[in-house]
file final21.tsv (TSV, C-alpha atoms and all ligand atoms)
chain	number	residue	atom	x	y	z
A	173	MET	CA	113.01	103.03	43.03
A	174	ASN	CA	113.94	99.48	43.88
A	175	PRO	CA	117.75	99.33	44.14
A	176	ASP	CA	117.76	95.59	43.43
A	177	ILE	CA	116.25	95.68	39.95
A	178	SER	CA	118.65	95.06	37.10
A	179	LEU	CA	118.98	98.22	34.98
A	180	GLN	CA	119.66	98.38	31.25
A	181	LEU	CA	121.31	101.75	31.87
A	182	LEU	CA	123.91	99.98	34.02
A	183	GLY	CA	124.39	97.04	31.67
A	184	GLY	CA	122.17	94.76	33.75
A	185	LEU	CA	123.69	95.66	37.11
A	186	THR	CA	121.36	96.71	39.87
A	187	ALA	CA	121.80	100.19	41.31
A	188	ARG	CA	123.05	98.57	44.51
A	189	GLU	CA	125.72	96.57	42.65
A	190	PHE	CA	126.80	99.61	40.65
A	191	MET	CA	127.14	101.71	43.80
A	192	ARG	CA	129.05	98.98	45.57
A	193	ASP	CA	131.50	98.10	42.80
A	194	TYR	CA	131.86	101.08	40.43
A	195	TRP	CA	130.57	104.41	41.77
A	196	GLN	CA	133.58	106.58	42.71
A	197	LYS	CA	135.80	103.53	42.15
A	198	LYS	CA	136.26	102.33	38.59
A	199	PRO	CA	135.00	102.86	35.05
A	200	LEU	CA	132.08	100.95	33.60
A	201	LEU	CA	131.38	100.62	29.90
A	202	VAL	CA	127.76	99.87	29.03
A	203	ARG	CA	126.87	98.92	25.47
A	204	GLN	CA	123.39	100.16	24.58
A	205	ALA	CA	122.72	101.72	27.97
A	206	ILE	CA	119.87	103.53	26.22
A	207	PRO	CA	119.02	101.31	23.23
A	208	GLY	CA	118.24	103.26	20.08
A	209	PHE	CA	119.25	106.54	21.75
A	210	GLU	CA	119.03	109.41	19.33
A	211	SER	CA	120.55	112.74	20.15
A	212	PRO	CA	117.63	115.00	21.11
A	213	ILE	CA	119.43	117.96	19.57
A	214	SER	CA	121.27	118.31	16.29
A	215	PRO	CA	124.79	119.72	15.85
A	216	ASP	CA	123.20	122.89	14.39
A	217	GLU	CA	120.96	123.30	17.41
A	218	LEU	CA	123.95	122.89	19.70
A	219	ALA	CA	125.82	125.54	17.72
A	220	GLY	CA	122.71	127.74	18.09
A	221	LEU	CA	122.87	127.43	21.88
A	222	ALA	CA	126.52	128.48	21.78
A	223	LEU	CA	125.44	131.86	20.35
A	224	GLU	CA	123.32	132.66	23.40
A	225	GLU	CA	124.59	135.15	25.94
A	226	GLU	CA	123.46	133.26	29.04
A	227	ILE	CA	124.83	129.87	27.95
A	228	GLU	CA	128.40	128.77	28.74
A	229	SER	CA	130.17	127.31	25.75
A	230	ARG	CA	133.71	126.76	24.54
A	231	LEU	CA	135.53	125.62	21.47
A	232	VAL	CA	138.71	123.59	21.73
A	233	ILE	CA	140.78	123.51	18.56
A	234	GLU	CA	143.82	121.31	18.18
A	235	HIS	CA	146.24	123.11	15.87
A	236	GLY	CA	149.38	121.63	14.41
A	237	GLU	CA	151.85	124.19	15.75
A	238	ARG	CA	150.15	125.73	18.73
A	239	PRO	CA	148.16	122.87	20.13
A	240	TRP	CA	144.95	123.22	22.06
A	241	GLU	CA	143.47	126.61	21.47
A	242	LEU	CA	140.51	127.50	23.68
A	243	ARG	CA	137.85	129.98	22.54
A	244	ARG	CA	135.03	130.93	24.87
A	245	GLY	CA	131.45	131.62	23.83
A	246	PRO	CA	129.06	133.20	23.22
A	247	PHE	CA	130.06	132.87	19.57
A	248	ALA	CA	129.15	134.92	16.54
A	249	GLU	CA	127.03	133.21	13.92
A	250	ASP	CA	129.92	132.87	11.46
A	251	ALA	CA	132.33	131.41	14.08
A	252	PHE	CA	131.64	127.84	12.99
A	253	ALA	CA	131.88	128.41	9.25
A	254	GLU	CA	135.60	129.23	9.58
A	255	LEU	CA	136.51	126.07	11.44
A	256	PRO	CA	138.72	123.42	9.85
A	257	GLU	CA	137.38	120.05	8.66
A	258	ARG	CA	138.73	118.22	11.68
A	259	ASP	CA	140.22	118.31	15.17
A	260	TRP	CA	137.91	120.64	17.06
A	261	THR	CA	135.19	120.30	19.68
A	262	LEU	CA	132.36	122.55	20.74
A	263	LEU	CA	131.21	122.05	24.34
A	264	VAL	CA	128.03	123.52	25.76
A	265	GLN	CA	127.37	123.44	29.50
A	266	ALA	CA	124.04	122.86	31.32
A	267	VAL	CA	122.02	122.10	28.19
A	268	ASP	CA	119.45	120.42	30.47
A	269	GLN	CA	118.39	123.89	31.63
A	270	PHE	CA	117.50	124.95	28.11
A	271	VAL	CA	116.27	121.81	26.34
A	272	PRO	CA	113.62	119.76	28.18
A	273	GLU	CA	114.44	116.59	26.20
A	274	VAL	CA	117.99	116.80	27.51
A	275	ALA	CA	116.74	117.37	31.07
A	276	GLU	CA	114.76	114.12	30.73
A	277	LEU	CA	118.04	112.20	30.55
A	278	ILE	CA	118.60	113.03	34.22
A	279	GLU	CA	115.52	110.94	35.05
A	280	GLN	CA	117.57	107.85	34.20
A	281	PHE	CA	119.85	108.52	37.19
A	282	LYS	CA	117.24	108.42	39.92
A	283	PHE	CA	119.33	105.98	41.95
A	284	LEU	CA	121.67	108.88	42.77
A	285	PRO	CA	120.76	112.02	44.75
A	286	LYS	CA	119.65	114.77	42.42
A	287	TRP	CA	121.59	117.36	44.39
A	288	ARG	CA	124.78	115.53	43.38
A	289	ILE	CA	124.06	116.17	39.70
A	290	ASP	CA	125.66	119.23	38.18
A	291	ASP	CA	124.50	119.41	34.61
A	292	VAL	CA	124.32	117.73	31.23
A	293	MET	CA	127.07	119.05	29.02
A	294	VAL	CA	126.79	118.32	25.32
A	295	SER	CA	129.72	118.31	22.96
A	296	PHE	CA	130.01	118.15	19.22
A	297	ALA	CA	133.33	117.13	17.70
A	298	ALA	CA	134.57	117.06	14.14
A	299	PRO	CA	136.64	113.94	13.27
A	300	GLY	CA	139.79	113.84	15.40
A	301	GLY	CA	138.33	116.35	17.86
A	302	GLY	CA	138.73	116.05	21.61
A	303	VAL	CA	139.76	118.08	24.62
A	304	GLY	CA	142.98	116.14	25.23
A	305	PRO	CA	143.96	113.79	28.05
A	306	HIS	CA	142.76	115.19	31.37
A	307	PHE	CA	141.07	114.25	34.60
A	308	ASP	CA	138.01	115.67	36.31
A	309	ASN	CA	137.28	115.98	40.01
A	310	TYR	CA	133.80	114.62	39.48
A	311	ASP	CA	132.01	111.49	38.39
A	312	VAL	CA	130.61	111.56	34.88
A	313	PHE	CA	128.45	109.38	32.66
A	314	LEU	CA	129.43	109.87	29.01
A	315	LEU	CA	126.57	108.89	26.76
A	316	GLN	CA	127.25	108.72	23.05
A	317	GLY	CA	124.50	110.58	21.22
A	318	TYR	CA	125.60	110.61	17.61
A	319	GLY	CA	128.56	109.29	15.61
A	320	THR	CA	131.39	107.39	17.26
A	321	ARG	CA	133.99	108.36	19.80
A	322	ARG	CA	137.05	106.49	20.97
A	323	TRP	CA	137.50	106.74	24.74
A	324	GLN	CA	140.75	105.87	26.40
A	325	VAL	CA	141.22	105.72	30.15
A	326	GLY	CA	144.50	105.86	32.00
A	327	GLN	CA	146.13	106.48	35.34
A	328	VAL	CA	144.58	107.88	38.50
A	329	CYS	CA	145.65	111.51	38.91
A	330	ASP	CA	145.64	114.20	41.57
A	331	SER	CA	146.57	117.86	41.87
A	332	ASN	CA	150.28	116.94	41.68
A	333	SER	CA	149.95	115.26	38.28
A	334	PRO	CA	152.12	117.08	35.71
A	335	MET	CA	150.12	119.25	33.31
A	336	LEU	CA	151.02	120.88	29.99
A	337	GLN	CA	151.81	124.57	30.27
A	338	HIS	CA	148.49	125.99	29.18
A	339	ALA	CA	146.80	129.01	30.63
A	340	ASP	CA	143.21	127.89	30.01
A	341	LEU	CA	143.10	124.15	29.55
A	342	LYS	CA	144.05	121.40	31.93
A	343	ILE	CA	145.83	118.84	29.79
A	344	LEU	CA	147.91	116.07	31.30
A	345	ALA	CA	151.59	116.04	30.33
A	346	GLU	CA	151.54	112.27	30.59
A	347	PHE	CA	148.82	109.78	29.73
A	348	VAL	CA	149.27	106.09	30.45
A	349	LYS	CA	146.52	104.30	28.57
A	350	THR	CA	145.08	101.27	30.33
A	351	GLU	CA	141.87	100.59	28.35
A	352	GLU	CA	140.04	101.85	25.30
A	353	TRP	CA	136.60	101.51	23.76
A	354	VAL	CA	134.81	102.88	20.72
A	355	LEU	CA	131.34	104.10	21.64
A	356	GLU	CA	128.36	104.11	19.31
A	357	PRO	CA	125.10	105.98	19.88
A	358	GLY	CA	123.37	104.64	23.01
A	359	ASP	CA	126.63	103.35	24.54
A	360	MET	CA	127.73	104.90	27.82
A	361	LEU	CA	130.94	105.10	29.82
A	362	TYR	CA	130.94	105.86	33.53
A	363	LEU	CA	134.13	107.42	34.87
A	364	PRO	CA	134.98	107.98	38.53
A	365	PRO	CA	136.73	111.19	39.63
A	366	LEU	CA	140.49	111.59	39.06
A	367	LEU	CA	140.80	108.95	36.34
A	368	ALA	CA	142.73	110.23	33.32
A	369	HIS	CA	140.68	110.00	30.12
A	370	CYS	CA	140.79	111.10	26.55
A	371	GLY	CA	137.96	111.04	24.03
A	372	THR	CA	138.61	111.39	20.31
A	373	ALA	CA	135.88	111.69	17.69
A	374	GLU	CA	136.11	109.03	14.98
A	375	ASP	CA	133.65	110.97	12.83
A	376	ASP	CA	131.21	113.83	13.47
A	377	CYS	CA	130.13	112.99	16.97
A	378	MET	CA	128.03	114.20	19.87
A	379	THR	CA	128.53	113.18	23.50
A	380	TYR	CA	126.22	113.84	26.43
A	381	SER	CA	128.07	114.15	29.77
A	382	VAL	CA	125.93	113.80	32.86
A	383	GLY	CA	128.28	115.43	35.33
A	384	PHE	CA	128.17	115.26	39.10
A	385	ARG	CA	129.29	117.72	41.75
A	386	ALA	CA	130.77	117.45	45.19
A	387	PRO	CA	131.93	120.37	47.31
A	388	SER	CA	135.63	120.36	48.15
A	389	ALA	CA	136.64	119.95	51.78
A	390	ALA	CA	137.94	123.53	51.65
A	391	GLU	CA	134.54	124.77	50.42
A	392	VAL	CA	132.68	122.88	53.12
A	393	LEU	CA	134.89	124.31	55.85
A	394	THR	CA	135.03	127.90	54.69
A	395	HIS	CA	131.37	128.20	53.68
A	396	PHE	CA	129.96	126.38	56.68
A	397	THR	CA	132.01	128.37	59.17
A	398	ASP	CA	130.96	131.63	57.46
A	399	PHE	CA	127.35	130.52	57.75
A	400	LEU	CA	127.76	129.49	61.41
A	401	GLY	CA	129.44	132.78	62.25
A	402	GLN	CA	126.26	134.69	61.48
A	403	PHE	CA	124.46	132.97	64.34
A	404	LEU	CA	127.10	133.49	67.02
A	405	PRO	CA	126.87	136.55	69.28
A	406	ASP	CA	129.93	138.73	69.69
A	407	GLU	CA	130.09	138.03	73.41
A	408	GLU	CA	130.56	134.33	72.86
A	409	ARG	CA	134.34	134.10	73.07
A	410	TYR	CA	137.27	131.98	73.95
A	411	SER	CA	136.88	131.63	77.71
A	412	ASP	CA	139.14	130.17	80.36
A	413	ALA	CA	137.33	130.10	83.65
A	414	ASP	CA	139.14	127.74	86.03
A	415	ALA	CA	142.44	128.09	84.20
A	416	GLN	CA	145.61	127.45	86.23
A	417	PRO	CA	148.07	130.32	86.93
A	418	THR	CA	150.71	130.46	84.18
A	419	SER	CA	154.23	129.27	84.84
A	420	ASP	CA	155.54	131.14	81.76
A	421	PRO	CA	153.25	133.91	80.47
A	422	THR	CA	154.89	133.82	77.03
A	423	GLN	CA	153.87	130.23	76.30
A	424	ILE	CA	150.56	129.20	74.70
A	425	GLN	CA	149.66	126.21	76.80
A	426	ARG	CA	148.13	122.99	75.58
A	427	ASP	CA	144.92	123.64	77.56
A	428	ALA	CA	144.20	126.66	75.30
A	429	LEU	CA	144.07	124.25	72.36
A	430	ASP	CA	141.67	122.00	74.24
A	431	ARG	CA	139.37	124.95	74.91
A	432	LEU	CA	139.47	125.94	71.23
A	433	LYS	CA	138.74	122.39	70.16
A	434	ALA	CA	135.76	122.28	72.52
A	435	LEU	CA	134.46	125.56	71.08
A	436	LEU	CA	134.82	124.29	67.51
A	437	THR	CA	133.29	120.91	68.24
A	438	GLU	CA	130.29	122.42	69.94
A	439	HIS	CA	129.39	124.49	66.91
A	440	MET	CA	130.58	122.21	64.15
A	441	SER	CA	128.39	119.42	65.44
A	442	ASP	CA	125.19	121.46	65.31
A	443	GLU	CA	123.35	119.14	62.92
A	444	ARG	CA	120.45	121.49	62.38
A	445	LEU	CA	122.69	124.26	61.15
A	446	LEU	CA	124.88	121.88	59.18
A	447	MET	CA	121.88	120.47	57.31
A	448	THR	CA	120.49	123.96	56.71
A	449	TRP	CA	123.77	125.22	55.35
A	450	PHE	CA	124.33	122.15	53.20
A	451	GLY	CA	120.86	122.21	51.65
A	452	GLN	CA	121.19	125.89	50.86
A	453	PHE	CA	124.66	125.44	49.42
A	454	MET	CA	123.79	122.46	47.26
A	455	THR	CA	120.65	124.07	45.82
A	456	GLU	CA	122.32	127.31	44.85
A	457	PRO	CA	121.51	127.77	41.18
A	458	ARG	CA	124.23	127.78	38.58
A	459	TYR	CA	122.59	130.76	36.88
A	460	PRO	CA	120.85	132.80	39.60
A	461	GLU	CA	119.84	135.40	37.01
A	462	LEU	CA	117.53	132.81	35.45
A	463	ILE	CA	115.50	132.47	38.67
A	464	ALA	CA	113.31	135.53	38.30
A	465	GLY	CA	110.24	135.50	40.49
A	466	ILE	CA	106.99	137.23	39.74
A	467	GLU	CA	104.69	139.39	41.82
A	468	ILE	CA	101.60	137.35	42.54
A	469	ASP	CA	99.12	137.24	45.42
A	470	GLU	CA	97.32	134.23	46.75
A	471	GLU	CA	94.08	135.08	45.04
A	472	ALA	CA	95.61	135.39	41.58
A	473	PHE	CA	97.63	132.24	42.18
A	474	LEU	CA	94.55	130.19	43.06
A	475	ALA	CA	92.58	131.68	40.17
A	476	SER	CA	95.30	130.62	37.70
A	477	LEU	CA	95.32	127.06	38.98
A	478	GLU	CA	91.52	126.92	38.83
A	479	ASP	CA	91.75	128.10	35.22
A	480	GLY	CA	93.86	125.03	34.45
A	481	ALA	CA	97.32	126.61	34.63
A	482	VAL	CA	100.23	124.19	35.08
A	483	MET	CA	103.28	124.96	37.18
A	484	ILE	CA	106.71	123.50	36.53
A	485	ARG	CA	110.01	123.69	38.34
A	486	ASN	CA	112.10	126.44	36.85
A	487	PRO	CA	114.68	124.40	34.87
A	488	SER	CA	117.42	126.54	36.42
A	489	ALA	CA	116.21	125.95	40.00
A	490	ARG	CA	117.59	123.25	42.25
A	491	MET	CA	115.36	121.82	44.97
A	492	ALA	CA	115.71	119.29	47.75
A	493	TRP	CA	114.05	118.53	51.05
A	494	SER	CA	115.15	116.99	54.30
A	495	GLU	CA	114.22	116.27	57.88
A	496	VAL	CA	115.50	118.54	60.62
A	497	GLY	CA	114.51	117.19	64.00
A	498	GLU	CA	110.73	116.91	64.04
A	499	ASP	CA	110.35	119.36	61.18
A	500	LEU	CA	110.95	119.31	57.48
A	501	VAL	CA	112.90	121.76	55.46
A	502	LEU	CA	112.58	122.65	51.83
A	503	PHE	CA	115.61	123.99	50.00
A	504	ALA	CA	114.93	125.89	46.82
A	505	SER	CA	117.52	127.85	44.88
A	506	GLY	CA	119.78	128.42	47.87
A	507	GLN	CA	117.02	129.32	50.33
A	508	SER	CA	115.50	127.17	53.06
A	509	ARG	CA	112.09	127.04	54.71
A	510	LEU	CA	111.23	125.15	57.86
A	511	LEU	CA	107.87	123.40	57.50
A	512	SER	CA	105.67	121.06	59.48
A	513	ALA	CA	105.96	117.33	59.11
A	514	SER	CA	102.44	117.17	57.66
A	515	LEU	CA	103.74	118.69	54.40
A	516	ARG	CA	106.04	115.77	53.57
A	517	GLU	CA	104.09	114.62	50.51
A	518	LEU	CA	103.82	118.17	49.19
A	519	LEU	CA	107.58	118.66	49.46
A	520	LYS	CA	108.20	115.43	47.56
A	521	LEU	CA	105.75	116.51	44.90
A	522	VAL	CA	107.26	119.97	44.57
A	523	CYS	CA	110.82	118.58	44.30
A	524	ALA	CA	110.05	115.74	41.92
A	525	ALA	CA	106.91	116.38	39.88
A	526	ASP	CA	107.18	117.51	36.28
A	527	ALA	CA	103.91	119.36	36.51
A	528	LEU	CA	101.86	120.80	39.35
A	529	HIS	CA	98.21	121.55	38.75
A	530	ILE	CA	94.87	121.81	40.50
A	531	ASP	CA	94.47	118.00	40.57
A	532	ASN	CA	97.70	116.96	42.24
A	533	LEU	CA	97.83	120.08	44.42
A	534	ALA	CA	94.20	120.00	45.57
A	535	PRO	CA	94.83	118.51	49.04
A	536	TRP	CA	97.41	121.21	49.76
A	537	LEU	CA	95.58	124.24	48.52
A	538	ALA	CA	93.19	124.08	51.47
A	539	ASP	CA	96.11	124.03	53.89
A	540	ASP	CA	97.39	127.50	54.87
A	541	GLU	CA	101.01	126.46	55.19
A	542	GLY	CA	101.01	124.43	51.98
A	543	ARG	CA	99.28	127.13	49.95
A	544	ASN	CA	101.57	129.78	51.34
A	545	LEU	CA	104.63	127.74	50.44
A	546	LEU	CA	103.49	127.34	46.84
A	547	VAL	CA	102.81	131.05	46.43
A	548	GLU	CA	106.22	131.89	47.91
A	549	LEU	CA	107.98	129.50	45.51
A	550	VAL	CA	106.31	131.19	42.55
A	551	LYS	CA	107.26	134.62	43.90
A	552	GLN	CA	110.82	133.46	44.39
A	553	GLY	CA	110.96	131.95	40.89
A	554	SER	CA	111.74	128.33	41.75
A	555	LEU	CA	108.30	127.35	40.44
A	556	GLU	CA	106.82	128.97	37.37
A	557	PHE	CA	103.67	128.79	35.32
A	558	SER	CA	104.30	126.87	32.14
A	559	ASP	CA	103.46	128.56	28.81
A	560	GLU	CA	102.19	125.36	27.27
B	1	LIG	C1	133.72	115.82	25.66
B	1	LIG	O1	132.50	115.57	25.69
B	1	LIG	O2	134.29	116.04	24.60
B	1	LIG	C2	134.57	115.92	26.87
B	1	LIG	C3	134.04	115.29	28.05
B	1	LIG	C4	135.10	115.03	29.08
B	1	LIG	O3	136.07	114.38	28.81
B	1	LIG	O4	135.00	115.49	30.23
B	2	CO	CO	136.53	114.82	31.28
call {"tool": "encode", "arguments": {"input": "final21.tsv", "output": "structure tokens"}}
result
Amino acid sequence: MNPDISLQLLGGLTAREFMRDYWQKKPLLVRQAIPGFESPISPDELAGLALEEEIESRLVIEHGERPWELRRGPFAEDAFAELPERDWTLLVQAVDQFVPEVAELIEQFKFLPKWRIDDVMVSFAAPGGGVGPHFDNYDVFLLQGYGTRRWQVGQVCDSNSPMLQHADLKILAEFVKTEEWVLEPGDMLYLPPLLAHCGTAEDDCMTYSVGFRAPSAAEVLTHFTDFLGQFLPDEERYSDADAQPTSDPTQIQRDALDRLKALLTEHMSDERLLMTWFGQFMTEPRYPELIAGIEIDEEAFLASLEDGAVMIRNPSARMAWSEVGEDLVLFASGQSRLLSASLRELLKLVCAADALHIDNLAPWLADDEGRNLLVELVKQGSLEFSDE
């Protein structure tokens, strides 16, 4: 997409301007980011999702005496009937994986890498409901879907910011309001990481949170070094050929540190392995149990496509592709495959297309490597035949 086109979603800013001035920096309120936006699911449907075993949901209830009670789903059918008239919120995670109309919202954010997107969380709140003042480590776009919500933003926080004593919820002990807005359906608020915020429902209200993800520095270091370790033979060790005789054998000399640094740098700067690890890590599915492959051979696969079958990306699968040297690599649900450069258009199609069928796949079905890749992705479960 052209980064210099003004976008309604960003209040008339271009993607380039938004990235330069707001992304990861400061909040942006957009009135009518999606004009006429109507919540694709109703409060009852959201409550229905919260009954499902495989869906993460939680209820936050603000009581008078013991504030901020957290209940975790899945919930029993009568759980909602007992709730008070006001001051509670139901939050359901990753609704995009279960409701295609909610997944479509993600299409609006094509100016950002898809692998940075975590999920679309949907919340329903009774009047007065909210999860309390808090901060998140991630960027989020809060799109109002139904009813009105008052959003307040405050100070920039970090892991030293004082929190209320609460075993399950992270609620700031102190909230210094700097700005506030009341959002109507279609309005959207972008918040950068670490900014304190607090949303309170003015009436029955639904909010769609398009949440982003970024691995922590600790995750990058521990996971990448674990990954690297698998490729290093046991005999490759700290070595000190040409070392000088010691003057004091009990001292660890500075030159040992230099040798260690050289060893680390050599491996840490292996771009091929770094890209491979990163792609695998960032495409690991949130719910691996929902990526169930099927047994299928090439013949049956081709026959289905010829019969008009349509393949879609498994809504729980994450996919991305990249260049590694002269080759390409496809990452699908935490696995990677090295492929020839001639498959570039196929990889783009597989990662981005809503539907794959005999017409758009035709050029690739005659190619051994391309055909093989498609069959493997169906076997692995990242691609699946659609029922419709
Ligand atoms: C909500 O939708 O109620 C909470 C979203 C958030 O503040 O992170
Ligand atoms: Co938040």
call {"tool": "closest_residue", "arguments": {"input": "final21.tsv", "among": "A:Glu210, A:Asp308, A:Glu279, A:Asp376", "to": "ligand LIG 1 (chain B)", "atoms": "all atoms listed in the file"}}
result
A:Asp308
call {"tool": "closest_residue", "arguments": {"input": "final21.tsv", "among": "A:Gly300, A:Pro256, A:Pro246, A:Pro365", "to": "Lys197 of chain A", "atoms": "all atoms listed in the file"}}
result
A:Pro365
call {"tool": "residues_near_ligand", "arguments": {"input": "final21.tsv", "ligand": "ligand LIG 1 (chain B)", "cutoff": "8 Å", "atoms": "all atoms listed in the file", "output": "compact mmCIF listing (two decimals) with C-alpha atoms, in the coordinates of the input"}}
result
# COMPACT_ATOMS: atom_id res chain seq x y z
CA THR A 261 135.19 120.30 19.68
CA LEU A 262 132.36 122.55 20.74
CA LEU A 263 131.21 122.05 24.34
CA MET A 293 127.07 119.05 29.02
CA VAL A 294 126.79 118.32 25.32
CA SER A 295 129.72 118.31 22.96
CA PHE A 296 130.01 118.15 19.22
CA ALA A 297 133.33 117.13 17.70
CA GLY A 301 138.33 116.35 17.86
CA GLY A 302 138.73 116.05 21.61
CA VAL A 303 139.76 118.08 24.62
CA GLY A 304 142.98 116.14 25.23
CA PRO A 305 143.96 113.79 28.05
CA HIS A 306 142.76 115.19 31.37
CA PHE A 307 141.07 114.25 34.60
CA ASP A 308 138.01 115.67 36.31
CA VAL A 312 130.61 111.56 34.88
CA LEU A 314 129.43 109.87 29.01
CA HIS A 369 140.68 110.00 30.12
CA CYS A 370 140.79 111.10 26.55
CA GLY A 371 137.96 111.04 24.03
CA THR A 372 138.61 111.39 20.31
CA MET A 378 128.03 114.20 19.87
CA THR A 379 128.53 113.18 23.50
CA TYR A 380 126.22 113.84 26.43
CA SER A 381 128.07 114.15 29.77
call {"tool": "residues_around", "arguments": {"input": "final21.tsv", "residues": "Leu341 of chain A", "least_positions_apart": "4", "cutoff": "10 Å", "atoms": "all atoms listed in the file", "output": "JSON, numbers by chain"}}
result
{"A": [232, 240, 241, 242, 303, 304, 306, 335, 336, 337]}
call {"tool": "axis_aligned_box", "arguments": {"input": "final21.tsv", "around": "segment 314-326 of chain A", "padding_each_side": "8 Å", "output": "JSON"}}
result
{"center_x": 134.5, "center_y": 108.2, "center_z": 23.8, "size_x": 36.0, "size_y": 20.9, "size_z": 32.4}
call {"tool": "atom_distance", "arguments": {"input": "final21.tsv", "atom1": "atom CA of Lys520 of chain A", "atom2": "atom CA of Ala492 of chain A"}}
result
8.4 Å
call {"tool": "closest_residue", "arguments": {"input": "final21.tsv", "among": "A:Glu226, A:Asp290, A:Glu408, A:Asp268", "to": "Thr455 of chain A", "atoms": "all atoms listed in the file"}}
result
A:Asp290
call {"tool": "atom_distance", "arguments": {"input": "final21.tsv", "atom1": "atom CA of Val550 of chain A", "atom2": "atom CA of Gln280 of chain A"}}
result
27.2 Å
call {"tool": "closest_residue", "arguments": {"input": "final21.tsv", "among": "A:Phe190, A:Trp323, A:Phe557, A:Phe270", "to": "ligand CO 2 (chain B)", "atoms": "all atoms listed in the file"}}
result
A:Trp323
call {"tool": "residues_around", "arguments": {"input": "final21.tsv", "residues": "Ile278 of chain A", "least_positions_apart": "4", "cutoff": "9 Å", "atoms": "only C-alpha atoms", "output": "PyMOL selection string"}}
result
chain A and resi 268+274+282+286+289+291-292+382
call {"tool": "closest_residue", "arguments": {"input": "final21.tsv", "among": "A:Phe281, A:Tyr310, A:Trp195, A:Tyr318", "to": "Phe209 of chain A", "atoms": "only C-alpha atoms"}}
result
A:Tyr318
call {"tool": "residues_around", "arguments": {"input": "final21.tsv", "residues": "segment 388-401 of chain A", "least_positions_apart": "6", "cutoff": "8 Å", "atoms": "all atoms listed in the file", "output": "PyMOL selection string"}}
result
chain A and resi 439+445-446+449-450
call {"tool": "write_last_selection", "arguments": {"input": "final21.tsv", "atoms": "C-alpha atoms", "output": "PDB file, in the frame of the given file"}}
result
ATOM      1  CA  HIS A 439     129.390 124.490  66.910  1.00  0.00           C
ATOM      2  CA  LEU A 445     122.690 124.260  61.150  1.00  0.00           C
ATOM      3  CA  LEU A 446     124.880 121.880  59.180  1.00  0.00           C
ATOM      4  CA  TRP A 449     123.770 125.220  55.350  1.00  0.00           C
ATOM      5  CA  PHE A 450     124.330 122.150  53.200  1.00  0.00           C
TER       6      PHE A 450
END
